[in-house]
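Asker: Just one file: final-v3.txt, with compact mmCIF, C-alpha atoms.
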```txt
# COMPACT_ATOMS: atom_id res chain seq x y z
CA MET A 204 1.10 31.51 32.50
CA LYS A 205 4.43 30.10 33.65
CA THR A 206 7.44 30.64 31.38
CA LYS A 207 7.70 26.91 30.73
CA ASP A 208 4.07 26.79 29.57
CA LYS A 209 4.57 29.90 27.44
CA ILE A 210 7.48 28.20 25.67
CA ILE A 211 5.44 25.05 25.07
CA HIS A 212 2.51 27.05 23.69
CA ALA A 213 4.72 29.13 21.41
CA ALA A 214 6.52 26.01 20.18
CA ILE A 215 3.25 24.24 19.32
CA GLU A 216 2.03 27.34 17.47
CA LEU A 217 5.25 27.79 15.47
CA PHE A 218 5.67 24.07 14.74
CA ASN A 219 2.08 23.91 13.47
CA LEU A 220 2.39 27.02 11.31
CA GLN A 221 5.91 26.66 9.93
CA GLY A 222 6.61 22.95 10.19
CA GLU A 223 8.58 21.52 13.10
CA GLN A 224 11.72 20.97 11.02
CA ASN A 225 11.87 24.69 10.11
CA VAL A 226 11.68 26.02 13.66
CA THR A 227 14.69 26.28 15.98
CA THR A 228 14.82 27.07 19.70
CA ASN A 229 16.10 30.51 18.69
CA HIS A 230 12.93 31.11 16.65
CA ILE A 231 10.84 30.16 19.65
CA ALA A 232 12.79 32.45 21.97
CA ALA A 233 12.58 35.34 19.47
CA HIS A 234 8.82 34.79 19.07
CA LEU A 235 8.45 35.20 22.85
CA GLY A 236 10.86 38.15 23.04
CA MET A 237 13.01 36.01 25.29
CA SER A 238 16.78 35.44 25.29
CA PRO A 239 17.94 32.01 24.07
CA GLY A 240 19.68 31.65 27.45
CA ASN A 241 16.37 32.05 29.26
CA LEU A 242 14.79 29.38 27.06
CA TYR A 243 17.72 27.01 27.68
CA TYR A 244 17.17 27.50 31.42
CA HIS A 245 13.83 25.70 30.96
CA PHE A 246 14.61 23.28 28.12
CA ARG A 247 17.99 21.83 27.16
CA ASN A 248 17.11 21.63 23.45
CA LYS A 249 14.33 21.30 20.91
CA GLU A 250 13.86 17.57 21.52
CA ASP A 251 13.28 18.42 25.18
CA ILE A 252 10.48 20.81 24.14
CA ILE A 253 8.96 18.22 21.81
CA GLN A 254 8.97 15.67 24.63
CA ALA A 255 7.11 18.13 26.86
CA ILE A 256 4.59 18.65 24.02
CA PHE A 257 4.15 14.88 23.77
CA ASP A 258 3.27 14.88 27.49
CA ARG A 259 0.60 17.55 26.87
CA TYR A 260 -0.70 15.54 23.94
CA ALA A 261 -0.93 12.45 26.18
CA GLU A 262 -2.82 14.46 28.83
CA GLN A 263 -5.30 15.69 26.22
CA LEU A 264 -5.81 12.17 24.91
CA ASN A 265 -6.48 10.87 28.43
CA LEU A 266 -8.93 13.67 29.07
CA LEU A 267 -10.80 13.50 25.75
CA PHE A 268 -11.06 9.72 25.66
CA GLY A 269 -11.64 9.34 29.40
CA LEU A 270 -8.72 6.94 29.61
CA ASP A 271 -8.28 7.64 33.32
CA ASP A 272 -11.88 6.61 33.90
CA ASN A 273 -11.66 2.93 34.85
CA SER A 274 -15.40 2.34 35.00
CA GLY A 275 -15.37 0.78 31.54
CA SER A 276 -18.57 2.70 30.78
CA GLU A 277 -16.96 4.31 27.70
CA SER A 278 -17.07 1.08 25.75
CA VAL A 279 -20.86 0.94 25.79
CA GLY A 280 -22.13 4.00 23.84
CA GLY A 281 -23.57 3.81 20.35
CA LEU A 282 -22.89 5.97 17.31
CA ARG A 283 -23.17 9.16 19.38
CA THR A 284 -20.10 7.96 21.26
CA SER A 285 -18.36 7.25 17.94
CA MET A 286 -19.13 10.87 17.03
CA ARG A 287 -17.64 12.13 20.28
CA TYR A 288 -14.47 10.12 19.64
CA MET A 289 -14.20 11.42 16.07
CA GLU A 290 -14.53 14.98 17.35
CA ALA A 291 -11.79 14.33 19.88
CA VAL A 292 -9.52 12.89 17.17
CA VAL A 293 -10.10 15.78 14.78
CA GLY A 294 -9.53 18.27 17.60
CA LEU A 295 -6.23 16.66 18.63
CA MET A 296 -5.14 16.32 15.01
CA TRP A 297 -5.66 20.03 14.56
CA GLN A 298 -4.14 21.08 17.88
CA PHE A 299 -1.00 18.95 17.47
CA ARG A 300 -0.90 18.71 13.69
CA PHE A 301 2.86 19.12 13.42
CA ILE A 302 3.27 15.74 15.15
CA TYR A 303 1.02 14.01 12.61
CA GLU A 304 2.55 15.86 9.67
CA ASN A 305 6.02 14.55 10.30
CA LEU A 306 5.56 11.54 12.52
CA PRO A 307 8.12 9.03 11.14
CA ASP A 308 10.82 11.70 11.14
CA ILE A 309 10.09 12.82 14.71
CA LEU A 310 9.96 9.23 16.02
CA SER A 311 13.10 8.15 14.18
CA ARG A 312 15.14 10.90 15.83
CA ASP A 313 14.52 9.85 19.38
CA VAL A 314 14.01 6.35 20.80
CA VAL A 315 12.49 7.71 24.02
CA MET A 316 9.91 9.64 22.00
CA ALA A 317 9.10 6.60 19.86
CA GLU A 318 8.46 4.56 23.00
CA LYS A 319 6.41 7.39 24.50
CA TYR A 320 4.34 7.60 21.33
CA ARG A 321 3.58 3.89 21.56
CA GLN A 322 2.61 4.15 25.20
CA ILE A 323 0.32 7.08 24.39
CA GLN A 324 -1.40 5.37 21.47
CA GLU A 325 -1.93 1.93 22.96
CA PRO A 326 -4.77 2.68 25.39
CA VAL A 327 -6.60 4.62 22.66
CA TYR A 328 -6.60 1.58 20.40
CA GLY A 329 -7.69 -0.58 23.32
CA LEU A 330 -10.60 1.79 23.83
CA MET A 331 -11.42 1.81 20.10
CA THR A 332 -11.42 -2.00 20.04
CA ARG A 333 -13.84 -2.12 22.97
CA HIS A 334 -16.00 0.55 21.34
CA LEU A 335 -16.24 -1.36 18.04
CA LEU A 336 -17.01 -4.60 19.92
CA GLY A 337 -19.71 -2.67 21.77
CA LEU A 338 -21.21 -1.44 18.47
CA ARG A 339 -21.25 -5.01 17.25
CA ALA A 340 -22.87 -6.29 20.45
CA GLN A 341 -25.62 -3.70 19.93
CA GLY A 342 -26.16 -4.91 16.35
CA ILE A 343 -24.97 -1.60 14.87
CA LEU A 344 -21.85 -3.11 13.26
CA LEU A 345 -22.08 -6.42 11.41
CA ALA A 346 -18.51 -7.65 11.12
CA ASN A 347 -16.65 -10.79 12.12
CA ASP A 348 -13.50 -10.60 14.26
CA GLU A 349 -11.20 -10.54 11.26
CA ASP A 350 -13.10 -7.71 9.56
CA LEU A 351 -13.25 -5.74 12.80
CA ASP A 352 -9.50 -6.05 13.20
CA ALA A 353 -8.90 -4.97 9.60
CA LEU A 354 -11.25 -1.99 10.06
CA LEU A 355 -9.48 -0.94 13.23
CA HIS A 356 -6.04 -1.01 11.66
CA LEU A 357 -7.19 0.71 8.50
CA MET A 358 -8.86 3.45 10.55
CA LYS A 359 -5.71 3.83 12.63
CA GLN A 360 -3.51 4.28 9.56
CA VAL A 361 -5.92 6.64 7.80
CA LEU A 362 -6.33 8.84 10.88
CA ILE A 363 -2.66 9.03 11.86
CA PHE A 364 -1.47 9.92 8.36
CA TRP A 365 -4.32 12.19 7.37
CA PRO A 366 -2.45 15.50 7.98
CA ALA A 367 0.66 14.13 6.23
CA TYR A 368 -1.49 13.02 3.28
CA LEU A 369 -3.11 16.47 3.10
CA HIS A 370 0.38 17.92 2.86
CA THR A 371 1.31 15.81 -0.14
CA LEU A 372 -1.86 17.09 -1.85
CA THR A 373 -1.07 20.75 -1.19
CA PRO A 374 2.70 20.92 -0.95
CA GLY A 375 3.94 24.13 0.60
CA GLY A 376 0.43 25.12 1.65
CA ASN A 377 -0.91 25.14 5.18
CA ILE A 378 -3.68 22.75 6.02
CA THR A 379 -6.93 24.10 7.46
CA LYS A 380 -9.26 22.77 10.12
CA ALA A 381 -11.91 22.19 7.42
CA MET A 382 -9.42 19.96 5.59
CA VAL A 383 -8.75 18.01 8.79
CA TYR A 384 -12.51 17.38 9.12
CA GLY A 385 -12.30 15.69 5.72
CA VAL A 386 -11.05 12.53 7.41
CA VAL A 387 -14.44 11.89 9.00
CA PRO A 388 -16.38 10.95 5.82
CA ARG A 389 -13.41 8.80 4.82
CA VAL A 390 -13.55 6.82 8.06
CA PHE A 391 -17.34 6.51 7.84
CA PHE A 392 -16.97 5.26 4.26
CA MET A 393 -14.78 2.38 5.45
CA PHE A 394 -17.35 1.33 8.03
CA ARG A 395 -20.47 1.80 5.90
CA PRO A 396 -20.43 -1.67 4.26
CA TYR A 397 -20.44 -3.19 7.75
CA MET A 398 -23.26 -1.10 9.23
CA ALA A 399 -26.65 -2.62 9.99
CA PRO A 400 -29.25 -1.19 7.55
CA GLU A 401 -31.20 0.32 10.50
CA ALA A 402 -28.08 2.24 11.60
CA LEU A 403 -27.38 3.85 8.22
CA ASP A 404 -29.85 6.68 8.85
CA GLU A 405 -28.08 7.69 12.03
CA LEU A 406 -24.72 7.44 10.26
CA ARG A 407 -25.99 9.82 7.57
CA GLN A 408 -27.07 12.28 10.28
CA LEU A 409 -23.61 12.12 11.82
CA GLU A 410 -22.02 12.69 8.41
CA GLN A 411 -24.23 15.77 8.02
CA TYR A 412 -23.21 16.97 11.47
CA PHE A 413 -19.52 16.76 10.56
CA GLN A 414 -20.09 18.36 7.17
CA ASP A 415 -21.71 21.31 8.93
CA LYS A 416 -18.81 21.49 11.38
CA ALA A 417 -16.36 21.51 8.48
CA SER A 418 -18.18 24.31 6.63
CA GLN A 419 -18.45 26.32 9.84
CA SER A 420 -14.72 26.12 10.35
CA ARG A 421 -14.24 26.95 6.66
CA VAL A 422 -16.28 30.14 7.16
CA LYS A 423 -14.36 30.97 10.34
CA GLU A 424 -11.02 30.48 8.58
CA GLY A 425 -12.25 32.77 5.80
CA VAL A 426 -13.15 35.47 8.32
CA ASP A 427 -9.92 35.10 10.24
CA ALA A 428 -7.74 35.17 7.12
CA MET B 22 28.44 1.60 -14.38
CA LYS B 23 29.03 5.33 -14.72
CA THR B 24 30.14 7.20 -11.59
CA LYS B 25 26.90 9.18 -11.58
CA ASP B 26 24.87 5.95 -11.58
CA LYS B 27 27.08 4.45 -8.88
CA ILE B 28 26.39 7.48 -6.66
CA ILE B 29 22.65 7.22 -7.25
CA HIS B 30 22.64 3.49 -6.47
CA ALA B 31 24.70 3.93 -3.30
CA ALA B 32 22.48 6.81 -2.17
CA ILE B 33 19.29 4.77 -2.63
CA GLU B 34 20.85 1.87 -0.72
CA LEU B 35 22.03 4.02 2.19
CA PHE B 36 18.84 6.10 2.34
CA ASN B 37 16.77 2.92 2.46
CA LEU B 38 18.88 1.25 5.13
CA GLN B 39 19.72 4.17 7.40
CA GLY B 40 16.94 6.69 6.71
CA GLU B 41 17.45 9.56 4.30
CA GLN B 42 17.74 12.14 7.10
CA ASN B 43 20.69 10.26 8.65
CA VAL B 44 22.80 10.05 5.49
CA THR B 45 25.03 12.89 4.23
CA THR B 46 26.87 13.24 0.92
CA ASN B 47 30.05 12.43 2.87
CA HIS B 48 28.57 9.09 3.94
CA ILE B 49 27.73 8.31 0.34
CA ALA B 50 31.22 9.22 -0.86
CA ALA B 51 32.84 7.17 1.93
CA HIS B 52 30.62 4.19 1.11
CA LEU B 53 31.93 4.33 -2.48
CA GLY B 54 35.54 4.92 -1.42
CA MET B 55 35.32 8.22 -3.29
CA SER B 56 36.49 11.69 -2.27
CA PRO B 57 33.72 14.18 -1.39
CA GLY B 58 35.19 16.40 -4.13
CA ASN B 59 34.61 13.72 -6.73
CA LEU B 60 31.00 13.34 -5.59
CA TYR B 61 30.48 17.12 -5.75
CA TYR B 62 31.75 17.06 -9.32
CA HIS B 63 28.62 15.03 -10.20
CA PHE B 64 26.06 16.43 -7.72
CA ARG B 65 26.01 19.84 -6.07
CA ASN B 66 24.37 18.55 -2.89
CA LYS B 67 22.10 15.92 -1.38
CA GLU B 68 18.93 17.48 -2.75
CA ASP B 69 20.47 17.19 -6.21
CA ILE B 70 20.98 13.45 -5.66
CA ILE B 71 17.42 13.05 -4.35
CA GLN B 72 16.10 14.81 -7.46
CA ALA B 73 18.04 12.39 -9.67
CA ILE B 74 16.55 9.50 -7.66
CA PHE B 75 13.08 10.96 -8.23
CA ASP B 76 13.80 10.86 -11.96
CA ARG B 77 14.70 7.15 -11.71
CA TYR B 78 11.57 6.55 -9.69
CA ALA B 79 9.51 8.28 -12.39
CA GLU B 80 11.16 6.14 -15.11
CA GLN B 81 10.35 2.96 -13.17
CA LEU B 82 6.75 4.06 -12.69
CA ASN B 83 6.39 4.74 -16.41
CA LEU B 84 7.88 1.39 -17.27
CA LEU B 85 5.95 -0.70 -14.75
CA PHE B 86 2.60 0.95 -15.38
CA GLY B 87 3.13 1.31 -19.12
CA LEU B 88 2.43 5.02 -18.85
CA ASP B 89 4.31 5.72 -22.10
CA ASP B 90 2.03 3.28 -23.89
CA ASN B 91 -0.72 5.49 -25.31
CA SER B 92 -2.80 2.65 -26.70
CA GLY B 93 -5.14 2.78 -23.71
CA SER B 94 -5.10 -1.01 -23.62
CA GLU B 95 -3.94 -0.99 -20.00
CA SER B 96 -7.31 0.14 -18.74
CA VAL B 97 -9.09 -2.97 -19.95
CA GLY B 98 -7.63 -5.93 -17.97
CA GLY B 99 -9.45 -7.66 -15.14
CA LEU B 100 -8.24 -8.68 -11.69
CA ARG B 101 -5.04 -10.15 -13.17
CA THR B 102 -4.14 -6.63 -14.22
CA SER B 103 -4.98 -5.37 -10.72
CA MET B 104 -2.52 -7.98 -9.46
CA ARG B 105 0.18 -6.78 -11.85
CA TYR B 106 -0.34 -3.20 -10.66
CA MET B 107 -0.17 -4.25 -7.01
CA GLU B 108 3.10 -6.08 -7.67
CA ALA B 109 4.49 -2.97 -9.35
CA VAL B 110 3.45 -0.81 -6.40
CA VAL B 111 4.94 -3.16 -3.81
CA GLY B 112 8.15 -3.41 -5.87
CA LEU B 113 8.52 0.37 -6.12
CA MET B 114 7.64 0.83 -2.48
CA TRP B 115 10.42 -1.53 -1.56
CA GLN B 116 12.96 -0.18 -4.04
CA PHE B 117 12.41 3.46 -3.07
CA ARG B 118 11.12 3.00 0.45
CA PHE B 119 13.02 5.97 1.88
CA ILE B 120 10.84 8.28 -0.22
CA TYR B 121 7.65 6.79 1.19
CA GLU B 122 9.01 6.66 4.72
CA ASN B 123 9.60 10.36 4.95
CA LEU B 124 7.50 11.86 2.19
CA PRO B 125 6.07 15.02 3.81
CA ASP B 126 9.52 16.01 5.07
CA ILE B 127 11.21 15.45 1.70
CA LEU B 128 8.50 17.35 -0.19
CA SER B 129 8.41 20.23 2.28
CA ARG B 130 12.12 20.90 1.82
CA ASP B 131 12.01 21.50 -1.89
CA VAL B 132 9.24 23.07 -3.99
CA VAL B 133 10.70 21.66 -7.21
CA MET B 134 10.61 18.16 -5.74
CA ALA B 135 7.04 18.61 -4.50
CA GLU B 136 5.97 19.63 -8.00
CA LYS B 137 7.91 16.75 -9.53
CA TYR B 138 6.24 14.32 -7.13
CA ARG B 139 2.83 15.57 -8.20
CA GLN B 140 3.71 15.24 -11.87
CA ILE B 141 4.95 11.70 -11.28
CA GLN B 142 1.89 10.58 -9.34
CA GLU B 143 -0.83 12.12 -11.48
CA PRO B 144 -0.70 9.75 -14.49
CA VAL B 145 -0.67 6.75 -12.12
CA TYR B 146 -3.91 7.90 -10.55
CA GLY B 147 -5.36 8.53 -13.99
CA LEU B 148 -4.47 4.96 -14.91
CA MET B 149 -5.90 3.61 -11.65
CA THR B 150 -9.16 5.49 -12.25
CA ARG B 151 -9.45 4.01 -15.75
CA HIS B 152 -8.63 0.57 -14.40
CA LEU B 153 -11.32 0.75 -11.71
CA LEU B 154 -13.84 2.04 -14.25
CA GLY B 155 -12.85 -0.91 -16.47
CA LEU B 156 -13.43 -3.35 -13.59
CA ARG B 157 -16.85 -1.81 -13.09
CA ALA B 158 -17.69 -2.01 -16.81
CA GLN B 159 -16.85 -5.74 -16.67
CA GLY B 160 -19.17 -6.20 -13.71
CA ILE B 161 -16.29 -7.09 -11.36
CA LEU B 162 -16.66 -3.98 -9.19
CA LEU B 163 -20.13 -2.85 -8.11
CA ALA B 164 -19.71 0.75 -7.00
CA ASN B 165 -21.28 4.07 -7.92
CA ASP B 166 -19.10 7.01 -8.96
CA GLU B 167 -18.95 8.41 -5.45
CA ASP B 168 -17.87 5.09 -3.92
CA LEU B 169 -15.30 4.56 -6.68
CA ASP B 170 -13.81 7.96 -5.99
CA ALA B 171 -13.71 7.29 -2.25
CA LEU B 172 -12.05 3.90 -2.85
CA LEU B 173 -9.45 5.43 -5.12
CA HIS B 174 -8.46 8.11 -2.62
CA LEU B 175 -8.45 5.72 0.29
CA MET B 176 -6.25 3.30 -1.65
CA LYS B 177 -3.94 6.15 -2.60
CA GLN B 178 -3.50 7.25 1.00
CA VAL B 179 -3.07 3.73 2.38
CA LEU B 180 -0.46 2.83 -0.26
CA ILE B 181 1.59 6.02 -0.05
CA PHE B 182 1.83 5.97 3.73
CA TRP B 183 2.22 2.24 4.21
CA PRO B 184 6.01 2.29 4.77
CA ALA B 185 5.69 5.30 7.10
CA TYR B 186 2.94 3.52 9.02
CA LEU B 187 5.11 0.40 9.33
CA HIS B 188 7.79 2.60 10.84
CA THR B 189 5.53 3.91 13.57
CA LEU B 190 4.72 0.28 14.47
CA THR B 191 8.37 -0.77 14.71
CA PRO B 192 10.24 2.40 15.65
CA GLY B 193 13.96 2.11 15.14
CA GLY B 194 13.58 -1.18 13.27
CA ASN B 195 14.05 -1.70 9.56
CA ILE B 196 11.06 -2.70 7.52
CA THR B 197 11.22 -5.89 5.45
CA LYS B 198 9.84 -6.74 2.03
CA ALA B 199 7.41 -9.17 3.67
CA MET B 200 6.07 -6.26 5.74
CA VAL B 201 5.64 -4.17 2.59
CA TYR B 202 3.56 -6.99 1.05
CA GLY B 203 1.21 -6.57 4.01
CA VAL B 204 -0.42 -3.63 2.25
CA VAL B 205 -1.98 -5.92 -0.37
CA PRO B 206 -4.56 -7.65 1.87
CA ARG B 207 -5.38 -4.23 3.32
CA VAL B 208 -6.17 -2.80 -0.12
CA PHE B 209 -8.15 -5.90 -1.10
CA PHE B 210 -10.11 -5.59 2.16
CA MET B 211 -11.25 -2.08 1.17
CA PHE B 212 -12.51 -3.29 -2.19
CA ARG B 213 -14.10 -6.54 -1.02
CA PRO B 214 -17.52 -5.08 -0.07
CA TYR B 215 -17.77 -3.72 -3.63
CA MET B 216 -16.78 -6.89 -5.48
CA ALA B 217 -19.33 -8.87 -7.47
CA PRO B 218 -19.97 -12.20 -5.68
CA GLU B 219 -18.69 -14.09 -8.76
CA ALA B 220 -15.37 -12.23 -8.53
CA LEU B 221 -14.71 -13.03 -4.87
CA ASP B 222 -13.18 -16.42 -5.68
CA GLU B 223 -10.61 -14.87 -7.97
CA LEU B 224 -9.87 -12.20 -5.35
CA ARG B 225 -9.22 -14.92 -2.78
CA GLN B 226 -6.80 -16.61 -5.21
CA LEU B 227 -4.96 -13.33 -5.65
CA GLU B 228 -4.79 -12.86 -1.88
CA GLN B 229 -3.27 -16.32 -1.63
CA TYR B 230 -0.77 -15.46 -4.37
CA PHE B 231 0.40 -12.39 -2.47
CA GLN B 232 0.50 -14.25 0.84
CA ASP B 233 2.83 -16.80 -0.76
CA LYS B 234 4.99 -14.00 -2.17
CA ALA B 235 5.20 -12.43 1.28
CA SER B 236 6.24 -15.68 2.96
CA GLN B 237 8.78 -16.37 0.21
CA SER B 238 10.40 -13.00 0.82
CA ARG B 239 10.21 -13.64 4.57
CA VAL B 240 12.19 -16.85 4.08
CA LYS B 241 14.66 -15.09 1.80
CA GLU B 242 15.19 -12.31 4.33
CA GLY B 243 15.82 -14.95 6.98
CA VAL B 244 18.47 -16.56 4.80
CA ASP B 245 20.05 -13.26 3.82
CA ALA B 246 20.25 -12.01 7.39
```
What does the file become when written as C-alpha cells?
Answerer:
Amino acid sequence: MKTKDKIIHAAIELFNLQGEQNVTTNHIAAHLGMSPGNLYYHFRNKEDIIQAIFDRYAEQLNLLFGLDDNSGSESVGGLRTSMRYMEAVVGLMWQFRFIYENLPDILSRDVVMAEKYRQIQEPVYGLMTRHLLGLRAQGILLANDEDLDALLHLMKQVLIFWPAYLHTLTPGGNITKAMVYGVVPRVFFMFRPYMAPEALDELRQLEQYFQDKASQSRVKEGVDA
Amino acid sequence: MKTKDKIIHAAIELFNLQGEQNVTTNHIAAHLGMSPGNLYYHFRNKEDIIQAIFDRYAEQLNLLFGLDDNSGSESVGGLRTSMRYMEAVVGLMWQFRFIYENLPDILSRDVVMAEKYRQIQEPVYGLMTRHLLGLRAQGILLANDEDLDALLHLMKQVLIFWPAYLHTLTPGGNITKAMVYGVVPRVFFMFRPYMAPEALDELRQLEQYFQDKASQSRVKEGVDA
C-alpha cells in the first residue's frame, strides 16, 4: 500500500474509533510509526486528510449504487434492489461512521467539504427517487407524489443521522455494526403503511434477512471483543 | 439582569448565530464589553457556560411540558395538547438551536453534560409515551404497542436532529424559525397512517395552523433582516 493510502486508512480507523474531533495528525503519524514531517509531506493538515476520505467515500458510493452506470437499469428492480441499497447504506455508514457521527460540525468547518458533500449526496437521492417511482410503477408502493416526496426526505434524514442518534443514546460508548443495522427496520416501518398488501410478505422476509445480518454481526463483535 | 445571566444570554445568542464551536469565552466577553477576567470570575470556562445553559434548557422543558406538575393530567388531552407540545418543541429548538445543531459533538466532549442531557430528555419521552397512549385510548391513534414504540422513537430522532439536518441542506447558511417549523408537517406525516379517519380533519386543521405560524415567522424574518 502507498504511504498516502496507509495514512488515509489509519485516519479512517482512528476517526471511527476515537471520534474525529479527538484525533490529530500527530496521533495518525504515531499510529503508523511515522514522523509528523513524513505525514505532512503527503497531507498539509487534517482537513486535507478528511477531504481525501470524502473522495474515497464518493468512490464507494458510486461503486455500490452503480452511479457511473448510465444505463438507467438500476431504477427498475423491486424490493430485492431496495435490499441491496439498504445493505450498501449500512455498509457505508459503518465504514465511514465518523462522518455521519459529526456531520454538521465537519461540514461547518469547511465550505469546500460542504459543497463536496452535496455533490456526493445528490446523485444518490436522484437514484432513490427513481427507485421509489419504479416501486410505485410496479404496484409495490401505493403513494401519491406528495407522500413519496415526504417518505424520501424522512428516509434521508433518518439514515444520515442514525449514527449520531445512536451516540446520543449511548454517550461515550462506541457504536457497533449491529446497532447500525437497527436503522433498517426503522426505514421499513416508515414505508410499511404505503406498501401494497401483496408486497408485505416480501417486506417481512427482508426484515428477517436484516435481523439475521444484525445478529450475525452481534455474534462476530462478541467474538472479536 | 445579573452579570451571570447576561453572560448566559449573550452566549446563547452568539452560539446560535455563529455556531457554538466558533465562539470562545473571549468573544462572549467582548460582545458584552466585559474583560475576560470578569467573565472568568463567573464561569471557569466555556463548558461551564454550556452547562449553565443546559440548566436553563431543562427549566424551560419542565415549564413548557409541565413536568413538575405531578397530577398526571397532561397525559389526557387530545390533538390540541399534541399541538401545544409541538409548539413547545419548536420554540425550544429555536431558542437553543446550537445544542441541537451540534449535539453529538457537545455530548462527546463532556460526560457530565451527556448524563445531564439524558436526565433532561427522559421525562419528556415519558410524557410523550403517556400522551400517545392517551390518544390511543381516545380512539384518535390506531396503533399497536410495537407501532407506537416505533413512532415514538422515530419522532424523537427526527425532532432532535432537525436543526442539524437543516444545516446539511444549507451549509454555511443560518437556519430560520420558519425552517424549524418545517419539522411539524414531517412529524404529522409519520403519524397520519395511524390516525383514526374521524381525526384526520382535526389533524389537517392543525397542519394549517402550523403552516400559518411558519409563514408569519417567515414574514417577520423578512422584516427583521
Asker: At a cut-off of 7 Å, list the chain A residues touching chain B, using all atoms listed in the file, as a PyMOL selection string.
Answerer: chain A and resi 304-305+307-308+310-311+317+360-361+364+367-368+370-371+374-375+396
Asker: Write the residues of the preceding selection, restricted to C-alpha atoms, as a PDB file, keeping the file's coordinate frame.
Answerer:
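Saved result, selection20.pdb, follows:
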```pdb
ATOM      1  CA  GLU A 304       2.550  15.860   9.670  1.00  0.00           C
ATOM      2  CA  ASN A 305       6.020  14.550  10.300  1.00  0.00           C
ATOM      3  CA  PRO A 307       8.120   9.030  11.140  1.00  0.00           C
ATOM      4  CA  ASP A 308      10.820  11.700  11.140  1.00  0.00           C
ATOM      5  CA  LEU A 310       9.960   9.230  16.020  1.00  0.00           C
ATOM      6  CA  SER A 311      13.100   8.150  14.180  1.00  0.00           C
ATOM      7  CA  ALA A 317       9.100   6.600  19.860  1.00  0.00           C
ATOM      8  CA  GLN A 360      -3.510   4.280   9.560  1.00  0.00           C
ATOM      9  CA  VAL A 361      -5.920   6.640   7.800  1.00  0.00           C
ATOM     10  CA  PHE A 364      -1.470   9.920   8.360  1.00  0.00           C
ATOM     11  CA  ALA A 367       0.660  14.130   6.230  1.00  0.00           C
ATOM     12  CA  TYR A 368      -1.490  13.020   3.280  1.00  0.00           C
ATOM     13  CA  HIS A 370       0.380  17.920   2.860  1.00  0.00           C
ATOM     14  CA  THR A 371       1.310  15.810  -0.140  1.00  0.00           C
ATOM     15  CA  PRO A 374       2.700  20.920  -0.950  1.00  0.00           C
ATOM     16  CA  GLY A 375       3.940  24.130   0.600  1.00  0.00           C
ATOM     17  CA  PRO A 396     -20.430  -1.670   4.260  1.00  0.00           C
TER      18      PRO A 396
END
```
Asker: Find the spatial neighbours of Leu267 in chain A, counting only C-alpha atoms, within a cut-off of 12 Å - ignore same-chain residues fewer than 4 positions away - and output them as a list in words.
Answerer: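 Residues near the query, excluding close chain neighbours: Tyr260, Ala261, Glu262, Gln263, Asp271, Asp272, Glu277, Thr284, Arg287, Tyr288, Met289, Glu290, Ala291, Val292, Val293, Gly294, Leu295, Val327 and Leu330 of chain A.
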Asker: Using Å and a single decimal, report how far CA of Tyr202 in chain B sits from CA of Ala235 in chain B.
Answerer: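 Going from CA of Ala235 in chain B over to CA of Tyr202 in chain B, I get 5.7 Å.
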Asker: Please, what distance in Å, to one decimal, runs between CA of Gln229 in chain B and CA of Leu351 in chain A?
Answerer: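 Interatomic distance here is 20.5 Å.
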Asker: Report as a list of chain:residue names all protein, DNA and RNA residues lying within 9 Å of range 333-338 of chain A, evaluated on only C-alpha atoms, omitting residues in the same chain fewer than 4 positions from it.
Answerer: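 With the cut-off at 9 Å, the set is A:Glu277, A:Ser278, A:Val279, A:Gly280, A:Gly281, A:Leu282, A:Thr284, A:Ser285, A:Tyr328, A:Gly329, A:Gly342, A:Ile343, A:Leu344, A:Leu345, A:Asp348, A:Leu351, A:Leu355.
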Asker: Output C-alpha atoms for every residue in the selection just made, as an mmCIF file, in the coordinates of the input.
Answerer:
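File written: part.cif
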```cif
data_model
loop_
_atom_site.group_PDB
_atom_site.id
_atom_site.type_symbol
_atom_site.label_atom_id
_atom_site.label_comp_id
_atom_site.auth_asym_id
_atom_site.auth_seq_id
_atom_site.Cartn_x
_atom_site.Cartn_y
_atom_site.Cartn_z
ATOM 1 C CA GLU A 277 -16.960 4.310 27.700
ATOM 2 C CA SER A 278 -17.070 1.080 25.750
ATOM 3 C CA VAL A 279 -20.860 0.940 25.790
ATOM 4 C CA GLY A 280 -22.130 4.000 23.840
ATOM 5 C CA GLY A 281 -23.570 3.810 20.350
ATOM 6 C CA LEU A 282 -22.890 5.970 17.310
ATOM 7 C CA THR A 284 -20.100 7.960 21.260
ATOM 8 C CA SER A 285 -18.360 7.250 17.940
ATOM 9 C CA TYR A 328 -6.600 1.580 20.400
ATOM 10 C CA GLY A 329 -7.690 -0.580 23.320
ATOM 11 C CA GLY A 342 -26.160 -4.910 16.350
ATOM 12 C CA ILE A 343 -24.970 -1.600 14.870
ATOM 13 C CA LEU A 344 -21.850 -3.110 13.260
ATOM 14 C CA LEU A 345 -22.080 -6.420 11.410
ATOM 15 C CA ASP A 348 -13.500 -10.600 14.260
ATOM 16 C CA LEU A 351 -13.250 -5.740 12.800
ATOM 17 C CA LEU A 355 -9.480 -0.940 13.230
#
```
Asker: Axis-aligned box over every listed atom of range 303-306 of chain A, padded by 5 Å per side: centre and edges in Å to one decimal, as AutoDock Vina command-line options?
Answerer:
```
--center_x 3.5 --center_y 13.7 --center_z 11.1 --size_x 15.0 --size_y 14.3 --size_z 12.9
```
Asker: For the atom pair CA of Asn37 in chain B and CA of Ala51 in chain B, what is the interatomic distance in Å to one decimal place?
Answerer: 16.6 Å
Asker: Select, from A:Lys207, A:Lys380, A:His230, A:Arg283, the residue with the minimum atom-to-atom distance to Asp251 in chain A, counting all atoms listed in the file.
Answerer: A:Lys207
Asker: Which is closer to Arg339 in chain A than all the others in A:Val386, A:Met286, A:Ile323, A:Met398, using all atoms listed in the file?
Answerer: A:Met398
Asker: May I have the residues within 12 Å of His245 in chain A as a PyMOL selection string, using all atoms listed in the file and disregarding those fewer than 3 positions away in the same chain?
Answerer: chain A and resi 205-211+228+232+237-242+248-249+251-252+255
